[in-house]
Structure formats: C-alpha cells, structure tokens
Amino acid sequence: MRDRLLALQEEASRAIVDAQDLETLREVKVKYLGKKGEITGVLRGMGKLSAMERPLIGALANDVRATLSTLIEEAEAKLEEAKLAEKLANENVDVTLPGKAITIGSLHPINAVLEQVEDIFIGMGFHIAEGPEVETDYFNFEMLNLPKNHPARDMQDSFYISPETLLRTHTSAVQVRSMIDKKGEVPVRIISAGKVYRRDDDDSTHSHQFTQIEGLVVDSGVSMSELHGVLLHLIHQLFGEETEVRLRPSYFPFTEPSVEVDIFHPEKGWIEILGAGMVHPTVLEKAGYDSEKYTGFAFGIGAERIAILKYDIDDIRNFYQNDLRFIKQFKSV
Amino acid sequence: MLVSYEWLSEYVDLKGISPEDIAEELNRTGIEVEVIYTRDAGVSRVVVGKVLSCTPHPEADRLNICSVHVGHATPLQIVCGAKNVAAGQLVPVALEGATLPGDIKIKRTKLRGVESNGMICSAKELGLPDKVLMKEQQDGILVLGKDARIGQDIKQYLGMNDQAIELQLTPNRSDCLSMFGVAYEIAAIFDRELRLPEVEVEESPEQIAPLSINIQSEADCPIYSAQVIHNLRIGPSPQWMQNRLITAGIRPINNIVDITNYVMIETGQPLHAFDYEQVRDGQIVVRRAAEGEQVVTLDGVTRTCDDETLLITDGHEILGLAGIMGGESSEVTPVTSTILLESAYFDPQVIRNTSRKLGLRSEANHRFERGVNPERVQPALARAVQLLREIAYGEVASEIVVEGFGEVEAIDLTLRHDRLTTVMGIQLEQEEVLNIFERLQFPAIAEEGVYVVRVPIRRPDINLEVDLIEEVARLYGYDRIPTSLLWGQQQPGERTWEQKKKQVIRHTLRDLGLNEVITYSLTSETLEQEIAYPLTVPYMSIPIAMPMSNEHAILRTNLLPQLVQVAARNRNHGVTDVSIFELAKVYLASDDNQHSLPEERFQLAFLLTGNYHPANWANAAQKGGDFFTAKGVLTTLLERLDITDVDYEAIQVKGFHPGRTAIIKHNNQVIGILGQLHPALSKKYDLDDTVVCQLDLELLLEATSDELIYHPIPRYPEITRDLALIVEESVPVSQIEAGIRAVAGELLKTVTLFDVFTGKQVEDGKKSIAFNLVYRSDDRTLTDDEVQHAHSGVVAYLEETFGAKLRQ
C-alpha cells in the first residue's frame with residue numbers, strides 16, 4: 001500500500017508537470033485528489049491494515065495529498081499567469097492616440113489680468129472696491145479737482161448722458177466714493193477695477209471702452225517712497241523681478257506730485273505702464289480727510305495695456321471682438 | 001510744442017548737451033518727449049548757386065540749359081526742366097555726387113544729348129514738406145532769397161542742420177508753450193545759465209496815428225495793449241526767421257505775419273496785426289457779441305457768434321474774434337503799410353468756449369486757452385515792434401496804449417521741510433532744496449525749517465505747498481526716491497463674499513468648457529430690440545447724449561443680443577463651435593431714476609451653438625445648441641453654488657423659440673431665462689441651433705446657500721426600483737417627479753429619470769418615461785415589503801393622477 005501511494009505520487013507529479021492548461025490540471029486534480037480519486041481509492045483499503053500500519057499509512061497518505069495539492073497550486077498559478085500574459089499580449093493600444101479630452105474654456109485675458117492684479121494687492125492688505133459705471137460729473141470730475149472747464153477735461157472727452165451724468169472716464173471716481181464710505185477712517189487700502197469709457201474712435205490702439213485698475217492708499221505718513229515700493233512690487237509680480245522700472249513726473253489734476261511709470265521693454269524701449277501720484281490735498285479734503293494729518297497715493301493702470309505688454313498683443317480691438325481663436329489662447333492664464 | 005535746438009541754444013548754453021540728452025532729461029523731469037525731428041531728410045553736397053543764363057534746349061521744349069555759378073572757377077552746365085527757372089535766380093544746386101532724400105544720388109548725365117552736371121532742386125526734392133512752404137514754393141525749383149551766398153551749403157542756409165524736439169505738454173505746463181519758458185526749464189534741469197534777449201523800446205514819437213482802446217468786457221479782457229506801426233514794407237522775412245518758424249512747424253507767410261508768429265513762439269504771447277486803414281478812427285472796442293451776430297473770418301468763412309463770443313471791433317465793424325481769428329476785412333494784405341499790433345490777455349475760458357463751438361484750433365487760441373503770461377503781454381508787443389523796425393522797415397506811429405485792470409503779482413508760498421520729508425519719504429539737505437529753487441529761478445529763503453518761495457508769474461501751475469514739493473521732487477529725481485513697503489496699521493486683504501462668488505461662477509463656467517467674452521456696454525436700439533429679457537422689462541434703456549455712432553448709442557439692458565453678435569462674428573470667421581459666457585452689468589432707467597443714476601445690475605449670460613464637445617476618434621460630438629445641454633451646464637453651475645429648488649416653466653418670449661424656452665424660478669422668484677434662440681434669428685446670423693441663458697446675478701446669489709452641514713454616510717443598504725410609465729406627452733416630467741416624491745415619503749431618497757421616448761412603440765400623443773427610484777432608511781435595513789408598499793403607493797398615485805400606465 002505504501003508502494004502504491006508512492007507510485008501514485010510520482011505518477012500524479014508527472015501528470016501535473018505535463019498539464020499544459022488549466023482544464024487538464026483540473027482533471028488531474030480530480031483524478032488524484034477528488035472524492036472518487038485514486039488516493040481516496042487507496043485509502044479505502046485502510047481497513048485491511050494492522051493497527052500498527054494504519055497510522056503510518058494514514059500519515060503517508062496525508063503527506064502525498066499535501067505534496068500534490070501544493071504542486072497543483074503552483075502549477076495552477078503558473079498557468080494562470082501564462083494565460084493572463086497571453087491575454088494582455090493581445091490588448092495593446094496605440095498610446096499615441098489622442099485622449100478623450102473634456103473641453104475646457106478660457107477666461108477673457110482682461111479679466112485674467114484683473115484677477116492677477118487683485119490677488120497681488122489682496123496680498124498687500126487691499127480690499128476690492130466697486131463703483132457705478134454711470135457716474136455723476138461730481139464724482140467723476142469735480143471731487144477729483146477737475147472743475148467744469150478745467151483744461152484737463154480735454155484729455156478725456158466723455159460720453160455724457162445728461163449734463164450731470166456720464167459714463168465714467170476713469171475708475172478714480174471710486175477713490176472718492178471709497179473715502180466717503182470710510183468716513184475719514186484709516187487705513188484706506190483699496191483697489192477697484194472696471195470698465196471706463198472715452199470718446200475715442202476704435203482703432204488698433206484706442207477703444208471707446210476699456211478697463212482700468214485703480215488703487216488708493218490713505219493713512220498717516222504715506223509717502224512717495226511707499227508708492228514707489230508698492231508699484232515696484234506690482235510690476236515685478238506682473239512682469240518678472242528683472243523688469244526695469246522708471247518713474248517720471250507727470251500731471252493729473254487729482255494727484256500732486258504726479259508720477260508716470262515706465263517699464264523697459266527690450267525691443268520697444270521705455271513704455272508707459274501706469275499713472276500715479278500722491279493724492280492731491282484738495283481731493284483728500286473734499287472726501288473728508290484732513291490733508292495735514294493724512295497723506296495718500298493713488299494709481300491707475302490700463303488692464304489692456306498690461307495684457308498687451310505681457311502677451312505681446314498688437315491690436316486692442318482683439319479684446320472686444322471676442323474671436324474665440326484669440327480668447328482660447330489664454331486657457332493657461 | 002516743437003522746440004528748435006538751434007533757437008534754444010541762443011538762450012541756454014547747450015555745450016555738451018545733445019537734443020537726445022535734452023529729451024532724456026525732460027522725460028525724467030516731467031515733460032514727455034517722444035520724437036526728435038531732424039530737418040535734414042538726407043541731403044548732402046547741395047549748395048547755393050546763381051543761374052547766370054538760361055537758354056531753351058534745342059531738342060526738348062520743356063528743358064532749359066542753364067549756366068550756374070556755384071563758386072567754382074567755371075560755371076556748371078545744368079539742364080533743368082522746371083518752368084520757373086530764370087537767369088539771375090539763386091537756387092539750390094545738387095552737385096555731382098550729391099545725395100537727396102529717398103536715397104537719390106546725383107550723377108553727371110546727358111539729357112537729350114546735352115551734358116548736365118548736377119541738378120537744380122525743388123523744395124520737395126530737398127525734403128521740405130508742403131505744410132511749411134509758401135504756395136509759390138510748392139511747385140518748380142526753390143528760388144532762394146537774396147541773402148543766400150553762392151557756394152554756401154544749402155543745409156546751413158535753410159537751417160536743415162537744426163533739430164526739433166517735440167514736447168508733449170500736460171495742461172499744467174502752459175509755461176513751456178514758448179521758447180523762453182522751455183529755456184527756463186532747460187536751464188533749471190541742466191543747471192546752466194539763462195540769457196534771454198533784451199528788448200529795446202523805442203521812444204514813441206508824437207502821435208502820428210490815433211489809437212484808443214475801449215474795453216467793454218473787463219473780465220474777458222483784463223489787459224489789452226496795442227501800437228501802430230507804419231511805413232512797413234511787406235515781403236518775405238529773412239531766412240533765419242523762416243528757418244526757425246519751419247522748425248517750429250509754422251509756415252512762413254510774409255514778414256509781418258512771420259514776426260507775430262515768431263514772437264508768439266519766442267514769448268508765448270500770441271499777437272495779431274490788423275490793417276490799420278480798416279480800423280476806423282484807430283479805435284479798438286473789445287466787447288461780447290450779440291446772439292447771432294456774424295463775421296467773416298480771414299479764412300473766408302462766415303461765423304455766427306453767440307453772447308459768449310468776445311469780439312474786437314472798431315466800434316462799427318467787427319475786426320475779428322478775440323484770441324481766435326482775425327476778420328477778413330481787417331486782414332494784412334500785400335499792400336498794407338500800416339498795422340495796428342495787438343497784444344492782449346483774454347480770459348482762457350471765453351476763448352476755450354468759442355474755439356470749441358466754432359471748431360477752430362490754432363497756435364494762438366491754444367495758448368490763450370491755457371492762459372498766457374500777463375507779465376509778457378507788453379514785452380511781447382515791444383519785441384515784435386523791434387523786429388518790425390529791424391526787418392520790415394517799420395516805424396512806430398503811436399504810443400504803446402495799454403488798457404488793463406487789476407494787478408498781477410508773484411505769490412509767496414511756504415514749504416515746510418518736514419512736510420517735504422513726509423511726502424517724499426526721504427530726508428533732503430536744506431542746501432539741496434535751496435539749490436533746486438535757485439535753478440528754477442524761484443527766489444527762496446529758508447528759516448527754521450520753512451522755505452519762503454516767490455513763485456514767478458510765468459508758473460501759474462504752482463499755487464500750493466504740494467506744488468513746490470513736486471518741483472523739488474522732480475528736479476531731485478523721482479528715481480532717487482527709495483522704495484519701501486506699506487507700513488502703518490495692517491489689515492487683511494480679502495474679496496467680499498459676492499466678489500468670491502462671482503469668481504467661482506466664472507471659473508466654473510470656464511471649467512465647463514465655456515469661454516469668457518467682454519462685449520461693449522454701449523449698443524444700438526435695433527440690436528437691443530432683437531431679444532427680450534423679461535427681468536428688465538419695466539425698465540428703459542439709457543441713450544447717450546451725443547453718441548459717436550448708432551452702434552453705440554444706448555446702454556444695454558440685456559447681454560444676450562451681443563452674445564449672439566459674438567457668435568455670429570465667430571461664425572463669419574469660420575468658428576462654428578461657440579460656447580461663451582459673460583458676467584457684466586446692464587443699465588436700467590426707470591421713471592423713478594430718470595434724473596439720478598441708473599440701476600446697474602450684473603447679469604450672467606451664456607450661449608452655446610455648434611458643438612459643445614467636438615467629436616473625436618472615439619466619441620460623437622455633443623451638440624451645444626441643444627436646450628438640455630445648456631440646461632445641463634446651468635444645472636452643474638447651480639450645484640456648484642448649492643442652489644436647490646429651481647423650477648423651469650415654459651414661456652414665450654420675443655427672440656426665443658416658442659416651444660423651447662423656460663423662465664427659471666427659485667422659490668417663485670424669476671431669476672433668469674433659458675431657451676433656444678428663435679430659428680428666424682439664428683438663420684439671420686447664419687447660426688446653427690443656438691441656446692442662450694441669462695440670470696440676474698443678485699437674485700442668483702440670493703438663492704445660494706452657504707450653510708454646508710455634513711450628512712453621515714448611510715449605514716443601511718438601499719433598495720432600488722425602476723418605474724417605466726406611459727403618460728400623455730403634455731404632462732411635464734417635473735410634475736410627475738414631484739408627485740412621486742410627495743407620495744413615496746421619506747424612504748424615497750432619489751428619483752432619477754433615465755429614459756424618455758416617443759415613437760413607434762408608443763401610442764400617438766403619449767410618451768414613455770422611466771425613473772430609477774432609490775429607497776433607504778437611515779435607521780434600519782428596509783424589507784422588500786416596506787419598499788413594495790411605498791412603491792405601490794407611487795404607482796397607484798401616478799395611475800390615478802396622470803392616467804399613467806405601467807410598462808411591463
């Protein structure tokens with residue numbers, strides 16, 4: 001009986017090695033280890049054995065059974081692996097085919113610029129103020145030291161709706177409104193972006209509607225040195241730390257001293273980027289701030305100008321024609 | 001203002017300072033210079049020659065053979081085709097090897113067999129623009145004045161070595177509208193000595209010609225001075241004067257006119273010469289016009305005045321519009337020999353109003369409008385008289401008569417050193433500050449930290465302490481001001497809740513594949529009428545008082561018409577897939593706010609046409625102009641904003657498809673509209689099916705919820721049931737869904753519509769709809785019986801209420 005078991009083990013082992021597919025292996029398993037299998041058949045004759053032999057043969061039979069089971073498992077694993085490998089070998093795709101992309105849109109470059117600028121100023125403790133686009137002559141001009149018939153009103157011919165109301169010609173009107181809202185309290189640190197309108201014929205460099213970003217700081221002891229510092233930070237954030245900046249004296253009725261800021265463009269030379277200055281004492285006083293106690297600075301930037309310089313855009317009309325071949329170029333902004 | 005470098009060098013020592021240096025430093029100190037023009041357009045080897053003889057070419061009717069003396073031992077033979085060439089003339093001669101503008105090289109040549117050793121040039125060939133040439137100089141060769149020396153370099157004679165620096169003056173710097181003013185500025189910037197010319201005033205003779213001035217409108221004309229000059233000989237002015245005028249961009253006319261222009265550029269004071277013979281009794285009356293009074297100005301145009309127009313009259317006839325333009329009747333003509341020369345100060349505002357109304361712009365009114373220097377009114381007159389005597393043979397025939405009101409005095413301003421430090425953010429030495437005032441020629445003293453500064457009358461822009469601070473800062477150099485960050489009380493910067501939401505909305509739509517556009521706020525009445533917007537119906541659009549065009553005549557009350565235009569424009573350029581949105585304001589006037597500011601409301605609008613998702617190698621395209629694609633975009637946006645309980649109701653609105661349009665409601669408040677564009681409208685713009693949506697931002701944001709509270713993840717299993725029904729086609733799915741929810745009670749967690757169809761398998765007028773229902777309890781595992789009970793209730797309700805038939 002011992003010999004029979006050992007012979008079966010050898011025979012089964014060979015059959016396991018020979019099995020080339022899972023089906024055959026399963027048949028081998030049934031043949032030798034199944035309930036009606038060969039080993040079970042041998043063990044049925046156990047009753048004829050002596051009490052001495054019985055445990056020995058029983059142990060041997062268990063050994064054989066365990067050995068064969070292990071072999072079968074191993075063979076099974078190997079065959080399954082081979083089968084999977086064969087299956088995968090037929091599943092190759094052309095990895096260079098395009099992906100099934102989900103369409104993504106783009107923000108308008110002007111609004112993208114506004115967000116960038118707003119974020120830079122939020123980082124410096126500014127709030128975002130808003131004001132009406134249809135403005136009173138009073139807030140748009142008079143409160144900004146531009147009385148009726150001031151020659152500087154020439155510089156910004158306006159769209160009037162009635163003698164007292166017009167489409168705002170600059171976001172500076174928001175300065176005044178913000179100060180009045182603050183009721184003489186400091187610090188005032190606001191930025192305000194929005195649409196402004198001037199009577200210009202639309203061409204490659206002019207647009208009757210454009211976008212301005214206004215900034216205002218009022219506090220005690222605010223100086224040109226801080227104005228310089230804040231604008232430098234803005235420009236370095238927008239155009240890179242290496243950008244050369246130049247401050248030039250200029251004239252705006254609502255600031256004194258007034259500043260025009262240029263950046264150096266490697267091909268175009270010095271380019272005007274924004275206007276700024278120390279808030280004119282008259283403007284502070286009109287808005288309810290003691291100009292002896294407080295000083296402030298203000299600046300105005302054209303968003304189109306920033307976008308034009310940043311992205312090397314050649315025609316301002318692109319922003320308002322909304323050709324998707326233009327807009328979609330700004331997906332990554 | 002065009003500044004002649006040569007002219008300027010007469011007043012300021014410019015040794016070692018180039019025009020480029022001047023431009024650079026002016027830019028750095030506050031006057032913008034964009035361009036430096038050079039008078040020489042590329043001329044070399046052109047000299048003054050004298051035409052000795054001029055005989056017709058034997059072979060060509062139009063050509064002349066000239067013998068021209070250019071200072072060489074022998075005259076040159078030159079063939080000339082100009083009609084006006086004649087013996088005795090002094091002319092510019094381009095010698096062999098000369099270059100002319102446009103890269104023209106002059107070679108020895110033969111014209112119809114006759115040798116020509118150079119070319120006699122026209123003004124154009126020398127690169128002189130017509131606008132600075134007299135009429136007679138515009139055709140043919142340029143005939144030079146008698147003062148030209150034979151053999152002299154033409155560039156020297158015509159002042160072509162000069163350069164003009166163009167100043168872009170801000171309105172406050174009217175002081176630099178004169179060579180004197182610019183000289184002060186340059187002397188200050190470069191710290192150089194200033195040497196302005198002395199004016200000799202000739203003692204007046206006994207009164208030869210009567211002259212009286214009567215100002216009836218004192219406020220409009222605080223100073224009026226005049227003098228009569230006679231025995232004048234009108235002719236061309238000397239070349240040096242013409243050259244300087246040309247560099248300054250002014251066309252020479254004759255010596256009288258040229259002198260008035262020259263003195264204006266020199267001093268900033270505009271002058272006017274009247275033909276004295278036309279001034280009755282030598283009387284000048286300055287008065288306001290009567291409404292409707294008419295005058296023919298010297299350009300031959302009849303001008304109608306109003307009561308704001310200031311006139312110069314002789315008490316009978318109108319001689320001219322004060323400060324704007326002389327009258328035709330009193331114009332100086334080639335036979336004039338006696339003039340009345342006017343130098344006055346006119347109120348800037350009066351001149352400005354009239355020049356605007358009449359649309360007349362000139363060098364003179366430009367200066368009057370900005371305010372001339374009252375101190376220079378009389379010196380300018382004296383200076384012009386001096387020149388009239390020197391170069392036009394004039395003699396004074398009257399006293400200088402001056403009528404004036406009020407005194408003009410220089411003001412003393414104080415500047416506190418502390419204040420200077422506060423504003424500039426840098427501590428300057430007192431000496432440095434005093435030095436700056438000295439360079440500016442502002443007399444100043446310093447005492448106990450306070451400067452007392454006398455501001456000259458020539459600088460009317462300086463009235464306040466802060467104006468002096470600017471002067472110090474700009475001459476010190478803005479670039480030398482150190483940088484610092486904001487100090488003082490700190491506060492966190494932040495967007496407001498609404499600003500954040502706006503950003504979320506825009507970014508979400510971008511992420512959903514829509515492109516942001518910005519369209520104009522101004523639109524046309526016609527466009528505005530194309531599509532209605534129920535939310536703004538009670539309001540009126542606001543017209544611009546003087547629109548530039550019909551396309552931009554009113555403020556919009558609706559964003560959709562312009563989104564359609566954007567789609568149409570893209571379509572015309574071959575871009576057919578258009579998914580766009582805009583978040584912008586509309587402007588609403590009502591009867592209540594007609595006289596105040598309109599209401600400005602942000603609207604969110606989007607438009608889809610063509611493909612929303614384009615086809616790719618694996619998937620078919622998803623159409624954008626489909627009501628449900630657009631509704632899907634909106635649904636996702638609402639989900640992002642946590643807006644629930646939104647209802648859609650079919651509606652018919654102008655500009656929309658009558659059967660595919662809905663108003664959007666939240667808690668019974670209409671917040672927007674969603675619908676397919678009326679096919680007639682899409683056809684008009686050659687668009688495929690197009691769906692648009694517009695929502696009022698404020699109402700939309702009111703519907704959002706910021707309260708987010710966590711729900712525990714369900715612990716008990718859910719049981720799902722599908723429900724397929726046949727109902728009348730007209731029954732809205734939303735009603736069925738609402739019914740299901742109401743009847744099933746709280747065990748029903750979700751209802752999802754997963755199929756809708758009509759067609760062959762379904763009876764006419766009916767539709768098949770299928771829902772997936774999910775039942776779940778939060779505190780126990782549901783039994784099939786419980787679910788079956790709830791579900792049967794739903795089925796029974798649907799059968800009863802909607803006549804629904806269960807599909808098996």
# chains A, B, ... in the order shown; residues from 1 in each chain; ligands from 1
$ select_by_dssp --residues "segment 65-278 of chain B" --states "alpha helix (DSSP H)" --output "JSON, numbers by chain"
{"B": [154, 155, 156, 157, 179, 180, 181, 182, 183, 184, 185, 186, 187, 188, 189, 190, 239, 240, 241, 242, 243, 244, 245, 246, 247, 255, 256, 257, 258, 259, 260, 261, 262, 263, 264, 265, 266, 267]}
$ residues_around --residues "Gly425 of chain B" --least-positions-apart "6" --cutoff "8 Å" --atoms "only C-alpha atoms" --output "ChimeraX atom specification"
/A:222-226 /B:481-482
$ write_last_selection --atoms "N, CA and C atoms" --output "compact mmCIF listing (two decimals), in the first residue's frame"
# COMPACT_ATOMS: atom_id res chain seq x y z
N VAL A 222 1.90 108.40 4.72
CA VAL A 222 2.12 107.69 3.45
C VAL A 222 2.97 108.60 2.54
N SER A 223 4.01 108.05 1.96
CA SER A 223 4.93 108.86 1.17
C SER A 223 5.14 108.30 -0.24
N MET A 224 5.86 109.09 -1.02
CA MET A 224 6.19 108.64 -2.39
C MET A 224 7.06 107.40 -2.36
N SER A 225 7.76 107.23 -1.24
CA SER A 225 8.62 106.07 -1.12
C SER A 225 7.79 104.78 -1.07
N GLU A 226 6.65 104.84 -0.39
CA GLU A 226 5.76 103.67 -0.38
C GLU A 226 5.09 103.47 -1.73
N ILE B 481 14.10 108.43 -5.29
CA ILE B 481 13.26 108.22 -4.11
C ILE B 481 13.30 106.73 -3.76
N PRO B 482 13.68 106.40 -2.52
CA PRO B 482 13.82 104.97 -2.18
C PRO B 482 12.47 104.28 -2.15
$ residues_around --residues "Met124 of chain A" --least-positions-apart "5" --cutoff "12 Å" --atoms "only C-alpha atoms" --output "NGL selection string"
(:A and (117-119 or 189-191 or 215 or 217 or 229-231 or 233-234)) or (:B and (485-487 or 489-494))
$ write_last_selection --atoms "N, CA and C atoms" --output "tab-separated table (two decimals), in the first residue's frame"
chain	number	residue	atom	x	y	z
A	117	VAL	N	-3.90	91.01	-10.80
A	117	VAL	CA	-3.57	92.26	-10.12
A	117	VAL	C	-4.28	92.31	-8.76
A	118	GLU	N	-5.55	91.91	-8.75
A	118	GLU	CA	-6.29	91.93	-7.49
A	118	GLU	C	-5.61	91.03	-6.46
A	119	ASP	N	-5.17	89.87	-6.91
A	119	ASP	CA	-4.53	88.95	-5.97
A	119	ASP	C	-3.24	89.55	-5.40
A	189	ARG	N	-7.13	101.19	1.98
A	189	ARG	CA	-6.31	100.46	1.01
A	189	ARG	C	-7.25	99.73	0.08
A	190	ILE	N	-7.54	100.36	-1.02
A	190	ILE	CA	-8.49	99.71	-1.92
A	190	ILE	C	-7.93	99.64	-3.33
A	191	ILE	N	-8.48	98.69	-4.04
A	191	ILE	CA	-8.20	98.57	-5.45
A	191	ILE	C	-9.56	98.40	-6.12
A	215	GLY	N	-6.02	102.17	-7.72
A	215	GLY	CA	-5.60	101.83	-6.36
A	215	GLY	C	-5.54	103.08	-5.50
A	217	VAL	N	-4.36	104.41	-1.41
A	217	VAL	CA	-3.93	104.19	-0.03
A	217	VAL	C	-3.99	105.53	0.69
A	229	GLY	N	7.54	101.77	-3.75
A	229	GLY	CA	7.70	100.38	-3.34
A	229	GLY	C	6.55	99.50	-3.79
A	230	VAL	N	5.33	100.00	-3.61
A	230	VAL	CA	4.15	99.21	-3.96
A	230	VAL	C	4.09	98.99	-5.48
A	231	LEU	N	4.37	100.04	-6.24
A	231	LEU	CA	4.30	99.90	-7.70
A	231	LEU	C	5.40	98.98	-8.22
A	233	HIS	N	6.66	96.48	-6.59
A	233	HIS	CA	6.22	95.13	-6.27
A	233	HIS	C	5.23	94.64	-7.32
A	234	LEU	N	4.26	95.50	-7.65
A	234	LEU	CA	3.24	95.13	-8.64
A	234	LEU	C	3.91	94.76	-9.97
B	485	LEU	N	7.89	99.25	1.58
B	485	LEU	CA	6.54	98.66	1.53
B	485	LEU	C	5.63	99.42	2.49
B	486	LEU	N	4.34	99.12	2.40
B	486	LEU	CA	3.38	99.82	3.25
B	486	LEU	C	3.65	99.50	4.71
B	487	TRP	N	3.71	100.53	5.50
B	487	TRP	CA	3.78	100.30	6.92
B	487	TRP	C	2.51	100.85	7.52
B	489	GLN	N	-0.84	100.77	10.11
B	489	GLN	CA	-1.78	99.77	10.58
B	489	GLN	C	-2.06	98.74	9.48
B	490	GLN	N	-1.92	97.47	9.82
B	490	GLN	CA	-2.13	96.43	8.82
B	490	GLN	C	-3.57	95.91	8.87
B	491	GLN	N	-4.02	95.43	7.75
B	491	GLN	CA	-5.35	94.82	7.71
B	491	GLN	C	-5.28	93.70	6.67
B	492	PRO	N	-6.06	92.64	6.92
B	492	PRO	CA	-6.03	91.57	5.92
B	492	PRO	C	-6.78	91.99	4.66
B	493	GLY	N	-6.26	91.65	3.51
B	493	GLY	CA	-6.95	91.94	2.27
B	493	GLY	C	-7.82	90.76	1.90
B	494	GLU	N	-8.95	91.04	1.31
B	494	GLU	CA	-9.87	89.94	1.01
B	494	GLU	C	-10.90	90.36	-0.01
$ residues_around --residues "Thr758 of chain B" --least-positions-apart "5" --cutoff "12 Å" --atoms "only C-alpha atoms" --output "short mmCIF file (atom, residue, chain, number, x, y, z; two decimals) with C-alpha atoms, in the first residue's frame"
data_model
loop_
_atom_site.label_atom_id
_atom_site.label_comp_id
_atom_site.auth_asym_id
_atom_site.auth_seq_id
_atom_site.Cartn_x
_atom_site.Cartn_y
_atom_site.Cartn_z
CA LEU B 725 -44.64 54.62 -17.44
CA ILE B 726 -46.66 55.68 -20.43
CA VAL B 727 -48.24 59.11 -19.95
CA GLU B 728 -49.76 61.91 -22.01
CA GLU B 729 -47.00 63.72 -23.86
CA SER B 730 -48.08 67.06 -22.47
CA GLU B 763 -49.19 55.32 -28.85
CA ASP B 764 -49.63 58.71 -30.57
CA GLY B 765 -49.70 61.61 -28.11
CA LYS B 766 -48.09 59.57 -25.38
CA LYS B 767 -44.57 59.23 -24.13
CA SER B 768 -42.69 56.60 -22.28
CA ILE B 769 -40.68 57.69 -19.29
#
$ residues_around --residues "Met179 of chain A" --least-positions-apart "6" --cutoff "10 Å" --atoms "only C-alpha atoms" --output "PyMOL selection string"
chain A and resi 185-186+188-190+216-218+283-284+286-289
$ write_last_selection --atoms "N, CA and C atoms" --output "short mmCIF file (atom, residue, chain, number, x, y, z; two decimals), in the first residue's frame"
data_model
loop_
_atom_site.label_atom_id
_atom_site.label_comp_id
_atom_site.auth_asym_id
_atom_site.auth_seq_id
_atom_site.Cartn_x
_atom_site.Cartn_y
_atom_site.Cartn_z
N GLU A 185 -11.87 107.45 8.18
CA GLU A 185 -11.07 106.46 8.90
C GLU A 185 -9.90 105.96 8.06
N VAL A 186 -8.83 105.54 8.73
CA VAL A 186 -7.69 104.96 8.04
C VAL A 186 -7.40 103.59 8.63
N VAL A 188 -7.00 103.40 4.50
CA VAL A 188 -7.76 103.10 3.29
C VAL A 188 -6.79 102.39 2.35
N ARG A 189 -7.13 101.19 1.98
CA ARG A 189 -6.31 100.46 1.01
C ARG A 189 -7.25 99.73 0.08
N ILE A 190 -7.54 100.36 -1.02
CA ILE A 190 -8.49 99.71 -1.92
C ILE A 190 -7.93 99.64 -3.33
N LEU A 216 -5.80 102.92 -4.24
CA LEU A 216 -5.76 104.08 -3.34
C LEU A 216 -5.30 103.64 -1.95
N VAL A 217 -4.36 104.41 -1.41
CA VAL A 217 -3.93 104.19 -0.03
C VAL A 217 -3.99 105.53 0.69
N VAL A 218 -4.66 105.60 1.81
CA VAL A 218 -4.64 106.80 2.64
C VAL A 218 -4.34 106.37 4.07
N VAL A 283 -8.34 116.88 -3.00
CA VAL A 283 -9.17 115.67 -3.14
C VAL A 283 -9.40 115.04 -1.78
N LEU A 284 -8.34 114.98 -0.98
CA LEU A 284 -8.49 114.42 0.38
C LEU A 284 -9.50 115.23 1.18
N LYS A 286 -11.88 117.24 0.16
CA LYS A 286 -13.26 117.12 -0.35
C LYS A 286 -13.90 115.81 0.10
N ALA A 287 -13.07 114.77 0.26
CA ALA A 287 -13.62 113.47 0.64
C ALA A 287 -13.63 113.29 2.16
N GLY A 288 -13.32 114.35 2.88
CA GLY A 288 -13.46 114.29 4.33
C GLY A 288 -12.22 113.84 5.09
N TYR A 289 -11.05 113.95 4.49
CA TYR A 289 -9.81 113.61 5.19
C TYR A 289 -8.97 114.87 5.41
#
